[in-house]
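> Just one file: model22.txt, with compact mmCIF, C-alpha atoms.
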```txt
# COMPACT_ATOMS: atom_id res chain seq x y z
CA MET D 12 83.37 65.15 -34.28
CA GLN D 13 81.72 61.75 -33.81
CA LEU D 14 79.81 62.98 -30.75
CA SER D 15 78.24 65.89 -32.64
CA LYS D 16 77.00 63.50 -35.36
CA VAL D 17 75.40 61.28 -32.71
CA ALA D 18 73.76 64.32 -31.08
CA ALA D 19 72.48 65.51 -34.46
CA LEU D 20 71.02 62.08 -35.25
CA ALA D 21 69.35 61.92 -31.84
CA LEU D 22 67.79 65.33 -32.42
CA ILE D 23 66.54 64.35 -35.89
CA ALA D 24 65.15 61.05 -34.57
CA SER D 25 63.23 62.83 -31.79
CA PHE D 26 61.85 65.53 -34.11
CA PRO D 27 58.54 63.69 -34.90
CA SER D 28 57.80 63.29 -31.20
CA LEU D 29 58.50 66.99 -30.66
CA LEU D 30 55.93 67.77 -33.36
CA SER D 31 53.28 65.59 -31.69
CA VAL D 32 53.84 67.41 -28.39
CA SER D 33 53.40 70.81 -30.05
CA ARG D 34 50.24 69.61 -31.83
CA ALA D 35 48.78 68.40 -28.53
CA ALA D 36 49.56 71.72 -26.91
CA ALA D 37 47.88 73.56 -29.80
CA VAL D 38 44.37 72.73 -28.52
CA SER D 39 43.13 75.87 -26.83
CA GLU D 40 41.06 76.22 -23.70
CA CYS D 41 37.28 76.35 -24.27
CA SER D 42 35.77 79.80 -24.12
CA ILE D 43 33.47 79.24 -21.14
CA SER D 44 30.54 81.40 -20.11
CA GLY D 45 29.04 80.77 -16.72
CA THR D 46 30.59 80.40 -13.31
CA LEU D 47 31.16 77.06 -11.68
CA ALA D 48 29.54 76.64 -8.27
CA ASP D 49 31.39 75.44 -5.19
CA TRP D 50 32.23 71.79 -4.49
CA GLY D 51 29.15 69.72 -3.71
CA GLU D 52 26.92 71.92 -5.92
CA ASN D 53 26.00 71.25 -9.54
CA SER D 54 26.90 73.78 -12.25
CA THR D 55 26.22 74.54 -15.89
CA ALA D 56 28.55 76.10 -18.42
CA ASP D 57 28.28 77.12 -22.07
CA ILE D 58 31.00 76.80 -24.71
CA ASP D 59 31.17 77.80 -28.39
CA LEU D 60 33.31 76.17 -31.06
CA THR D 61 33.40 75.46 -34.77
CA SER D 62 32.31 72.26 -36.47
CA GLY D 63 35.14 69.73 -36.17
CA GLY D 64 36.91 71.96 -33.66
CA SER D 65 38.19 70.98 -30.26
CA CYS D 66 39.00 72.66 -26.99
CA GLN D 67 40.11 71.80 -23.48
CA PHE D 68 37.66 72.14 -20.61
CA PRO D 69 39.49 72.55 -17.29
CA ILE D 70 37.62 72.17 -14.01
CA LYS D 71 38.17 75.59 -12.50
CA MET D 72 36.70 75.24 -9.05
CA ARG D 73 38.61 76.63 -6.08
CA GLY D 74 40.62 73.97 -4.33
CA THR D 75 41.84 70.55 -5.36
CA VAL D 76 40.24 67.97 -7.67
CA SER D 77 40.55 64.47 -6.19
CA GLY D 78 38.55 62.60 -8.85
CA SER D 79 36.66 63.15 -12.09
CA ASP D 80 34.86 61.19 -14.79
CA ILE D 81 32.47 61.62 -17.70
CA SER D 82 28.91 61.25 -16.42
CA GLN D 83 27.17 62.02 -19.75
CA LYS D 84 28.84 61.53 -23.11
CA PRO D 85 28.18 64.07 -25.88
CA SER D 86 25.91 63.05 -28.76
CA HIS D 87 27.66 65.04 -31.50
CA GLY D 88 31.31 64.86 -30.53
CA LYS D 89 33.89 63.12 -28.39
CA LEU D 90 34.95 63.87 -24.85
CA LYS D 91 38.10 62.50 -23.26
CA ARG D 92 39.74 63.02 -19.91
CA LEU D 93 43.30 64.30 -20.21
CA ASN D 94 44.00 64.31 -16.46
CA LEU D 95 42.05 64.69 -13.19
CA SER D 96 41.10 68.30 -13.87
CA THR D 97 41.08 68.69 -17.68
CA PHE D 98 38.90 67.25 -20.43
CA GLU D 99 39.05 67.70 -24.20
CA TYR D 100 35.88 68.04 -26.28
CA LYS D 101 35.96 67.60 -30.06
CA ALA D 102 32.87 68.43 -32.09
CA LYS D 103 31.87 66.10 -34.92
CA ALA D 104 33.04 67.36 -38.32
CA LYS D 105 30.33 68.92 -40.50
CA TYR D 106 27.89 69.06 -37.56
CA LYS D 107 26.33 72.38 -36.61
CA GLY D 108 23.97 72.74 -33.71
CA SER D 109 24.08 71.99 -30.02
CA ASP D 110 25.57 69.24 -27.90
CA THR D 111 25.60 68.51 -24.18
CA PHE D 112 27.93 66.56 -21.94
CA ALA D 113 28.46 66.29 -18.19
CA ILE D 114 31.48 65.80 -15.97
CA LYS D 115 31.30 64.52 -12.40
CA ALA D 116 34.12 65.84 -10.21
CA THR D 117 35.00 65.42 -6.56
CA GLY D 118 37.18 67.84 -4.68
CA GLN D 119 37.82 70.06 -1.74
CA GLY D 120 38.03 73.81 -1.59
CA PRO D 121 38.55 76.42 1.10
CA THR D 122 34.86 76.55 2.06
CA ALA D 123 33.28 73.30 0.79
CA SER D 124 33.98 69.79 -0.39
CA GLY D 125 32.00 67.14 -2.21
CA THR D 126 30.96 65.88 -5.63
CA SER D 127 29.64 68.19 -8.34
CA VAL D 128 28.15 67.51 -11.76
CA ILE D 129 29.12 70.10 -14.37
CA THR D 130 26.75 70.08 -17.35
CA VAL D 131 28.23 71.73 -20.43
CA HIS D 132 26.12 73.00 -23.33
CA ALA D 133 28.13 73.35 -26.53
CA THR D 134 27.09 75.53 -29.46
CA ILE D 135 28.76 74.27 -32.62
CA LYS D 136 28.91 76.69 -35.55
```
Kindly transcribe the structure held in the file into C-alpha cells.

Amino acid sequence: MQLSKVAALALIASFPSLLSVSRAAAVSECSISGTLADWGENSTADIDLTSGGSCQFPIKMRGTVSGSDISQKPSHGKLKRLNLSTFEYKAKAKYKGSDTFAIKATGQGPTASGTSVITVHATIK
C-alpha cells in the first residue's frame, strides 16, 4: 500500500512538468508557401499567422543540417532556435502587418552541400 502512495505522489508532483511539455508541443508548424532551394543556394518562404501567434519553422532541405543560426532578427516578433533544424517565430501581440527574418543554415544533401540563407516573409493578420 505504501508503494502505491509514493507512486501517486510522484505522479502528482510531475504533473506540472507534463503540462509544460504538452504546451510546448502545442505550437504548430508554420504554413509555408514556397520551396526551399538546395544546399548552397538562398531561398525565400512565406508564412501566415495571427497577431500574437507562433509557429515552428523547420528547415526542410533534403539531407542533413550541420549548423544553423539567425542571420536577421524579425522586427515585429521573436525568433528562437529550438534545435539545429527548427526555429520558432512568435508575432508581437496586437501587431498586424508584415515581418521578415532570415536563417543561415549549413548542410549536406544528396546532390549539394553548403550554406544557405532562408529569408522568411511573415504576414501577420
> Would you list the contacts of Ala48 (chain D) as a list in words, taking every protein, DNA or RNA residue within 9 Å and counting all atoms listed in the file, but skipping same-chain residues closer than 3 positions in sequence?
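These residues fall inside the cut-off: Gly51, Glu52, Asn53, Ser54, Thr55, Met72, Ser127 and Ile129 of chain D.
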> One number please: CA of Ser65 (chain D) to CA of Asp49 (chain D), in Å, one decimal.
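Interatomic distance here is 26.4 Å.
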> With only C-alpha atoms as the counted atoms, please give the residues lying no more than 12 Å from Val128 (chain D), apart from itself and same-chain residues fewer than 2 positions off, as a short mmCIF file (atom, residue, chain, number, x, y, z; two decimals) with C-alpha atoms, in the frame of the given file.

```cif
data_model
loop_
_atom_site.label_atom_id
_atom_site.label_comp_id
_atom_site.auth_asym_id
_atom_site.auth_seq_id
_atom_site.Cartn_x
_atom_site.Cartn_y
_atom_site.Cartn_z
CA LEU D 47 31.16 77.06 -11.68
CA ALA D 48 29.54 76.64 -8.27
CA ASP D 49 31.39 75.44 -5.19
CA TRP D 50 32.23 71.79 -4.49
CA GLY D 51 29.15 69.72 -3.71
CA GLU D 52 26.92 71.92 -5.92
CA ASN D 53 26.00 71.25 -9.54
CA SER D 54 26.90 73.78 -12.25
CA THR D 55 26.22 74.54 -15.89
CA ALA D 56 28.55 76.10 -18.42
CA ILE D 70 37.62 72.17 -14.01
CA MET D 72 36.70 75.24 -9.05
CA GLY D 78 38.55 62.60 -8.85
CA SER D 79 36.66 63.15 -12.09
CA ASP D 80 34.86 61.19 -14.79
CA ILE D 81 32.47 61.62 -17.70
CA SER D 82 28.91 61.25 -16.42
CA GLN D 83 27.17 62.02 -19.75
CA PHE D 112 27.93 66.56 -21.94
CA ALA D 113 28.46 66.29 -18.19
CA ILE D 114 31.48 65.80 -15.97
CA LYS D 115 31.30 64.52 -12.40
CA ALA D 116 34.12 65.84 -10.21
CA THR D 117 35.00 65.42 -6.56
CA GLY D 118 37.18 67.84 -4.68
CA GLY D 125 32.00 67.14 -2.21
CA THR D 126 30.96 65.88 -5.63
CA THR D 130 26.75 70.08 -17.35
CA VAL D 131 28.23 71.73 -20.43
#
```
> One decimal, Å: what's the distance from CA of Gly74 (chain D) over to CA of Thr134 (chain D), could you say?
28.6 Å
> Would you mind reading off the distance between CA of Gly120 (chain D) and CA of Thr75 (chain D), one decimal, in Å?
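One can read the CA of Gly120 (chain D) to CA of Thr75 (chain D) distance as 6.3 Å.
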> With only C-alpha atoms as the counted atoms, please give the residues lying no more than 8 Å from Ala102 (chain D), apart from itself and same-chain residues fewer than 4 positions off, as a list of chain:residue names.
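Those residues are D:Leu60, D:Thr61, D:Ser62, D:Gly63, D:Gly64, D:Ser65, D:His87, D:Gly88, D:Lys89, D:Tyr106, D:Ile135.
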> Nearest to Gly45 (chain D): which of D:Ile58, D:Leu95, D:Ala133, D:Cys66 is it, counting all atoms listed in the file?
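Looking only at the distances to Gly45 (chain D), the closest residue turns out to be D:Ile58.
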> So, counting all atoms listed in the file, which residue among D:Val38, D:Gln67, D:Asp59, D:Lys136 is closest to Phe98 (chain D)?
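Under the stated criterion, the closest residue is D:Gln67.
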> For Thr122 (chain D), which of D:Lys107, D:Arg73, D:Lys101, D:Leu90 is the closest residue, counting all atoms listed in the file?
D:Arg73
> Adding 3 Å on each side of the box along x, y and z that holds all listed atoms of region 76-89 of chain D, could you give its centre and edge lengths in Å to one decimal, as lines of an AutoDock Vina configuration file?

```
center_x = 33.2
center_y = 64.6
center_z = -18.8
size_x = 20.6
size_y = 12.8
size_z = 31.3
```
